[in-house]
>>> print(open('work.txt').read())   # compact mmCIF, C-alpha atoms
# COMPACT_ATOMS: atom_id res chain seq x y z
CA MET A 1 16.84 -117.94 32.50
CA THR A 2 18.16 -117.05 35.95
CA GLU A 3 20.74 -114.35 35.21
CA GLY A 4 20.56 -111.45 37.63
CA ILE A 5 18.66 -113.40 40.29
CA PRO A 6 20.95 -114.26 43.22
CA ILE A 7 20.59 -117.65 44.90
CA SER A 8 19.73 -116.01 48.21
CA HIS A 9 16.42 -114.70 46.87
CA PHE A 10 15.25 -118.21 46.05
CA LEU A 11 16.36 -119.39 49.50
CA ILE A 12 14.54 -116.52 51.23
CA VAL A 13 11.30 -117.36 49.41
CA SER A 14 11.58 -121.00 50.45
CA ALA A 15 12.42 -119.98 54.04
CA ILE A 16 9.26 -117.85 54.18
CA MET A 17 7.23 -120.78 52.88
CA PHE A 18 8.81 -123.21 55.37
CA PHE A 19 8.14 -121.07 58.43
CA THR A 20 4.61 -120.27 57.27
CA GLY A 21 4.04 -124.03 57.13
CA ILE A 22 5.38 -124.42 60.67
CA TYR A 23 3.08 -121.64 61.90
CA GLY A 24 0.08 -123.40 60.35
CA PHE A 25 1.18 -126.76 61.74
CA ILE A 26 1.21 -125.38 65.31
CA VAL A 27 -1.79 -123.02 65.26
CA ARG A 28 -4.37 -124.85 63.16
CA ARG A 29 -6.83 -127.28 64.77
CA ASN A 30 -8.32 -128.99 61.74
CA LEU A 31 -6.48 -132.12 60.60
CA ILE A 32 -6.78 -131.29 56.89
CA THR A 33 -5.28 -127.81 57.36
CA ILE A 34 -2.43 -129.41 59.29
CA LEU A 35 -1.89 -131.71 56.30
CA MET A 36 -1.82 -128.65 54.00
CA SER A 37 0.85 -127.06 56.22
CA ILE A 38 2.95 -130.22 55.87
CA GLU A 39 2.62 -129.95 52.09
CA LEU A 40 3.93 -126.36 52.30
CA ILE A 41 6.95 -127.50 54.32
CA LEU A 42 7.77 -130.33 51.90
CA ASN A 43 7.40 -128.02 48.91
CA SER A 44 9.81 -125.44 50.34
CA VAL A 45 12.40 -128.17 50.90
CA ASN A 46 11.96 -129.19 47.26
CA ILE A 47 12.70 -125.64 46.11
CA ASN A 48 15.89 -125.65 48.19
CA PHE A 49 17.13 -128.92 46.67
CA VAL A 50 16.45 -127.76 43.12
CA VAL A 51 18.03 -124.33 43.58
CA PHE A 52 21.20 -125.74 45.15
CA ASN A 53 21.42 -128.20 42.27
CA LYS A 54 21.02 -125.46 39.66
CA TYR A 55 23.31 -122.82 41.16
CA LEU A 56 26.05 -124.79 42.89
CA TYR A 57 26.32 -128.16 41.12
CA PRO A 58 24.87 -127.70 37.64
CA GLU A 59 26.79 -130.69 36.26
CA HIS A 60 24.91 -133.13 38.50
CA LEU A 61 21.28 -134.25 38.72
CA GLU A 62 21.14 -135.21 42.41
CA GLY A 63 18.93 -132.38 43.64
CA GLN A 64 16.39 -133.12 40.96
CA PHE A 65 16.20 -136.79 41.95
CA PHE A 66 15.83 -135.90 45.63
CA SER A 67 12.93 -133.63 44.72
CA LEU A 68 11.31 -136.36 42.64
CA PHE A 69 11.51 -138.85 45.51
CA ILE A 70 10.20 -136.27 47.99
CA ILE A 71 7.21 -135.61 45.72
CA ALA A 72 6.47 -139.34 45.48
CA ILE A 73 6.71 -139.78 49.26
CA ALA A 74 4.49 -136.73 49.79
CA ALA A 75 1.86 -138.25 47.53
CA ALA A 76 1.93 -141.54 49.46
CA GLU A 77 1.79 -139.66 52.76
CA ALA A 78 -1.18 -137.55 51.66
CA ALA A 79 -3.10 -140.64 50.54
CA VAL A 80 -2.59 -142.49 53.83
CA ALA A 81 -3.25 -139.36 55.92
CA ILE A 82 -6.52 -138.65 54.15
CA ALA A 83 -7.63 -142.26 54.59
CA ILE A 84 -6.94 -141.95 58.33
CA ILE A 85 -8.73 -138.58 58.49
CA ILE A 86 -11.84 -139.97 56.82
CA ASN A 87 -11.84 -142.92 59.21
CA ILE A 88 -11.53 -140.53 62.17
CA TYR A 89 -14.44 -138.49 60.83
CA ARG A 90 -16.55 -141.62 60.60
CA ARG A 91 -15.80 -142.56 64.20
CA PHE A 92 -15.89 -139.17 65.93
CA SER A 93 -17.90 -137.01 63.46
CA THR A 94 -15.25 -134.30 63.74
CA ILE A 95 -11.67 -133.77 62.65
CA ASN A 96 -10.64 -131.22 65.24
CA VAL A 97 -7.45 -132.33 66.95
CA GLU A 98 -8.61 -131.53 70.49
CA ASN A 99 -11.73 -133.66 70.13
CA VAL A 100 -9.77 -136.65 68.86
CA ASN A 101 -7.76 -137.48 71.96
CA GLU A 102 -8.84 -141.05 72.53
CA MET A 103 -7.40 -144.14 70.86
CA LYS A 104 -9.67 -147.05 70.08
CA HIS A 105 -8.45 -150.29 68.65
CA MET B 106 14.78 -105.31 35.37
CA THR B 107 14.71 -108.04 32.79
CA ASN B 108 11.66 -110.14 32.03
CA ASP B 109 13.09 -113.09 33.98
CA GLN B 110 13.55 -110.99 37.09
CA ILE B 111 10.01 -109.65 36.81
CA MET B 112 8.70 -113.21 36.47
CA PHE B 113 10.75 -114.40 39.44
CA TYR B 114 9.56 -111.64 41.75
CA LEU B 115 5.98 -112.22 40.61
CA PHE B 116 6.26 -115.91 41.50
CA ALA B 117 7.97 -115.04 44.79
CA ALA B 118 5.15 -112.64 45.70
CA ILE B 119 2.49 -115.23 44.81
CA ILE B 120 4.25 -117.89 46.89
CA SER B 121 4.74 -115.66 49.93
CA ILE B 122 1.26 -114.12 50.00
CA CYS B 123 -0.65 -117.29 49.16
CA SER B 124 1.26 -119.45 51.64
CA VAL B 125 0.44 -116.96 54.39
CA MET B 126 -3.20 -116.95 53.27
CA THR B 127 -3.19 -120.78 53.33
CA VAL B 128 -2.45 -120.85 57.03
CA VAL B 129 -4.58 -117.86 58.13
CA SER B 130 -7.68 -118.27 55.95
CA ARG B 131 -10.76 -119.11 58.05
CA ARG B 132 -12.60 -121.00 55.32
CA ILE B 133 -11.01 -124.35 54.61
CA LEU B 134 -11.85 -124.53 50.90
CA ARG B 135 -10.23 -121.14 50.31
CA ALA B 136 -7.13 -122.38 52.13
CA ALA B 137 -6.99 -125.32 49.72
CA VAL B 138 -7.27 -123.01 46.70
CA PHE B 139 -4.47 -120.78 48.05
CA LEU B 140 -2.36 -123.93 48.47
CA LEU B 141 -3.04 -124.70 44.80
CA PHE B 142 -1.73 -121.24 43.82
CA VAL B 143 1.43 -121.82 45.86
CA LEU B 144 2.07 -125.15 44.16
CA ILE B 145 1.49 -123.74 40.68
CA ALA B 146 3.84 -120.82 41.33
CA THR B 147 6.45 -123.32 42.52
CA ALA B 148 6.06 -125.18 39.22
CA GLY B 149 6.63 -121.83 37.47
CA MET B 150 9.87 -121.44 39.40
CA TYR B 151 10.99 -124.89 38.25
CA PHE B 152 10.25 -123.83 34.67
CA MET B 153 12.42 -120.72 35.22
CA LEU B 154 15.24 -122.92 36.51
CA GLU B 155 14.87 -125.07 33.35
CA TYR B 156 13.95 -128.27 35.16
CA PHE B 157 11.08 -129.03 32.84
CA PHE B 158 10.48 -132.63 33.87
CA LEU B 159 10.32 -131.69 37.54
CA ALA B 160 7.94 -128.83 36.75
CA GLY B 161 5.65 -131.22 34.89
CA VAL B 162 5.75 -133.68 37.80
CA GLN B 163 4.98 -130.85 40.21
CA LEU B 164 1.96 -129.74 38.16
CA MET B 165 0.60 -133.26 37.68
CA LEU B 166 1.22 -134.75 41.12
CA TYR B 167 0.95 -131.81 43.50
CA ALA B 168 -1.39 -129.41 41.71
CA GLY B 169 -3.36 -132.13 39.97
CA GLY B 170 -3.29 -135.01 42.44
CA ILE B 171 -2.75 -133.97 46.03
CA VAL B 172 -4.85 -130.80 45.89
CA VAL B 173 -7.76 -132.68 44.33
CA LEU B 174 -7.44 -135.32 47.06
CA ILE B 175 -7.44 -132.62 49.74
CA ILE B 176 -10.46 -130.88 48.23
CA PHE B 177 -12.36 -134.19 48.06
CA SER B 178 -11.67 -134.90 51.71
CA ILE B 179 -12.71 -131.35 52.63
CA LEU B 180 -16.01 -131.86 50.86
CA LEU B 181 -16.50 -135.19 52.69
CA THR B 182 -15.71 -133.91 56.16
CA SER B 183 -16.60 -130.21 56.46
CA HIS B 184 -19.45 -127.82 55.89
CA ILE B 185 -18.57 -125.34 53.19
CA ASN B 186 -20.00 -122.28 54.92
CA GLN B 187 -18.42 -123.03 58.25
CA LYS B 188 -15.76 -120.57 59.39
CA PHE B 189 -13.05 -121.54 61.84
CA GLN B 190 -13.01 -119.64 65.09
CA LEU B 191 -9.98 -117.44 65.52
CA PRO B 192 -7.15 -119.20 67.39
CA SER B 193 -6.52 -117.82 70.86
CA TRP B 194 -3.83 -115.18 71.16
CA ARG B 195 -2.14 -117.25 73.84
CA LYS B 196 -1.33 -119.77 71.12
CA VAL B 197 -0.74 -117.31 68.28
CA VAL B 198 1.68 -114.90 69.95
CA PRO B 199 4.35 -117.44 71.05
CA THR B 200 4.07 -119.23 67.71
CA ILE B 201 4.57 -116.02 65.75
CA ALA B 202 7.51 -115.14 67.99
CA ALA B 203 9.15 -118.53 67.44
CA VAL B 204 8.50 -118.49 63.69
CA ALA B 205 9.78 -114.92 63.32
CA LEU B 206 12.93 -115.80 65.26
CA GLY B 207 13.56 -118.82 63.05
CA LEU B 208 12.91 -116.86 59.88
CA PHE B 209 15.21 -114.05 61.03
CA LEU B 210 18.02 -116.50 61.81
CA CYS B 211 17.58 -118.25 58.47
CA ILE B 212 17.56 -115.06 56.41
CA THR B 213 20.58 -113.51 58.15
CA THR B 214 22.51 -116.76 57.68
CA ILE B 215 21.58 -116.91 54.00
CA LEU B 216 22.55 -113.28 53.40
CA HIS B 217 25.91 -113.57 55.16
CA TYR B 218 27.03 -116.84 53.59
CA THR B 219 28.90 -116.77 50.28
CA PHE B 220 27.79 -119.66 48.11
CA LYS B 221 30.59 -121.07 45.99
CA PRO B 222 29.68 -122.90 42.79
CA SER B 223 31.53 -126.14 42.13
CA ALA B 224 34.52 -126.19 39.80
CA GLY B 225 33.09 -127.97 36.76
CA MET B 226 30.43 -125.56 35.57
CA GLU B 227 29.35 -127.25 32.36
CA GLN B 228 25.59 -127.66 32.40
CA ALA B 229 24.34 -131.24 32.67
CA LYS B 230 21.75 -132.27 30.14
CA HIS B 231 18.38 -132.34 31.80
CA ASN B 232 16.33 -134.03 29.17
CA LEU B 233 13.98 -136.87 29.89
CA HIS B 234 16.30 -139.41 28.28
CA ASP B 235 19.08 -138.80 30.85
CA ILE B 236 16.68 -138.84 33.77
CA GLY B 237 15.20 -142.16 32.67
CA LEU B 238 18.61 -143.74 32.17
CA LYS B 239 19.77 -142.49 35.57
CA LEU B 240 16.68 -143.90 37.30
CA LEU B 241 17.32 -147.40 35.95
CA ASP B 242 21.11 -147.28 36.32
CA THR B 243 22.51 -149.89 38.73
CA GLY B 244 26.04 -148.46 38.59
CA ALA B 245 27.89 -146.07 40.87
CA ASN B 246 25.65 -143.01 40.53
CA GLY B 247 22.45 -144.76 39.54
CA TYR B 248 19.10 -144.60 41.25
CA ALA B 249 17.73 -148.08 40.56
CA LEU B 250 17.44 -149.07 44.24
CA PRO B 251 15.56 -145.96 45.46
CA PHE B 252 13.36 -146.19 42.38
CA GLU B 253 12.34 -149.75 43.22
CA ALA B 254 11.96 -148.88 46.91
CA ILE B 255 9.64 -145.99 46.08
CA SER B 256 7.52 -148.22 43.87
CA ILE B 257 7.06 -150.68 46.76
CA LEU B 258 6.28 -147.74 49.06
CA LEU B 259 3.58 -146.49 46.69
CA LEU B 260 2.04 -149.96 46.46
CA ALA B 261 2.07 -150.31 50.26
CA ALA B 262 0.52 -146.84 50.68
CA MET B 263 -2.21 -147.66 48.18
CA ILE B 264 -3.14 -150.93 49.92
CA ALA B 265 -2.92 -149.30 53.35
CA ALA B 266 -5.14 -146.39 52.35
CA SER B 267 -7.86 -148.64 51.00
CA VAL B 268 -7.67 -150.95 54.05
CA ILE B 269 -7.85 -148.06 56.52
CA ALA B 270 -10.67 -146.25 54.76
CA LYS B 271 -12.97 -149.22 54.25
CA LYS B 272 -15.92 -149.64 56.56
CA ASN B 273 -14.97 -152.06 59.34
>>> encode(input="work.txt", output="structure tokens")
Amino acid sequence: MTEGIPISHFLIVSAIMFFTGIYGFIVRRNLITILMSIELILNSVNINFVVFNKYLYPEHLEGQFFSLFIIAIAAAEAAVAIAIIINIYRRFSTINVENVNEMKH
Amino acid sequence: MTNDQIMFYLFAAIISICSVMTVVSRRILRAAVFLLFVLIATAGMYFMLEYFFLAGVQLMLYAGGIVVLIIFSILLTSHINQKFQLPSWRKVVPTIAAVALGLFLCITTILHYTFKPSAGMEQAKHNLHDIGLKLLDTGANGYALPFEAISILLLAAMIAASVIAKKN
């Protein structure tokens, strides 16, 4: 299925996605959009693992397992992050990062 | 151009354009929908690479689970018609410069490096049977320990999320 597509094209696509995620992580103010940028970054790393597995070590399965574990950890991270965001919204009535600069116990 | 190449460049275009739209869109719900397109196109790439199990996991967990969770929390915390104000250029310009520099370095490195495939080129079987056996294998190349660790992590995350989100 991948004849005629060099490995570098896959890597360039994932590099674009990674740096777009970093841009969003720095520029955005809303906590949920920051979380979406993190998902972009994790997803681009997944593409890299899978492509290296397919092109360079096709007799192994390691890249696939790394991607599976990254997806599971991303799901756990999103669940906890959204719970924290909803709690912050309840306390401060906003989820802008510059308005949430005070820690209460 | 073969059909596969056309499909690949279509997916690549969807991923690039929609990921940029995810971080620049001023309406948060549209950003979430663009993120959904990115994740689905990524699943299409996994299908092209013939990792069918991983593509199914990507569709179910990312496109089905995480995006729905994000959209729910958007609906709980934001007004739908509200538009973000544009970020100040004093923040945008240095960020774009740093990101462009990083992207340039990455792409030049990728294009100048020759990737060598490993010696044994016979394709491993990627069916579900092998993946399941590998996940429960306690031998040299098995994944039983990370599999158990991730199950405990998921349980801990579930309990933590419900404890954090409950009212007082």
>>> interface_residues(input="work.txt", of="chain A", to="chain B", cutoff="6 Å", atoms="all atoms listed in the file", output="list in words")
Met1, Phe19, Gly24, Leu56, Tyr57, Pro58, Glu59, Ala76, Val80, Ala83 and Asn87 of chain A
>>> atom_distance(input="work.txt", atom1="CA of Ile38 (chain A)", atom2="CA of Phe25 (chain A)")
7.0 Å
>>> atom_distance(input="work.txt", atom1="CA of Leu61 (chain A)", atom2="CA of Gly237 (chain B)")
11.7 Å
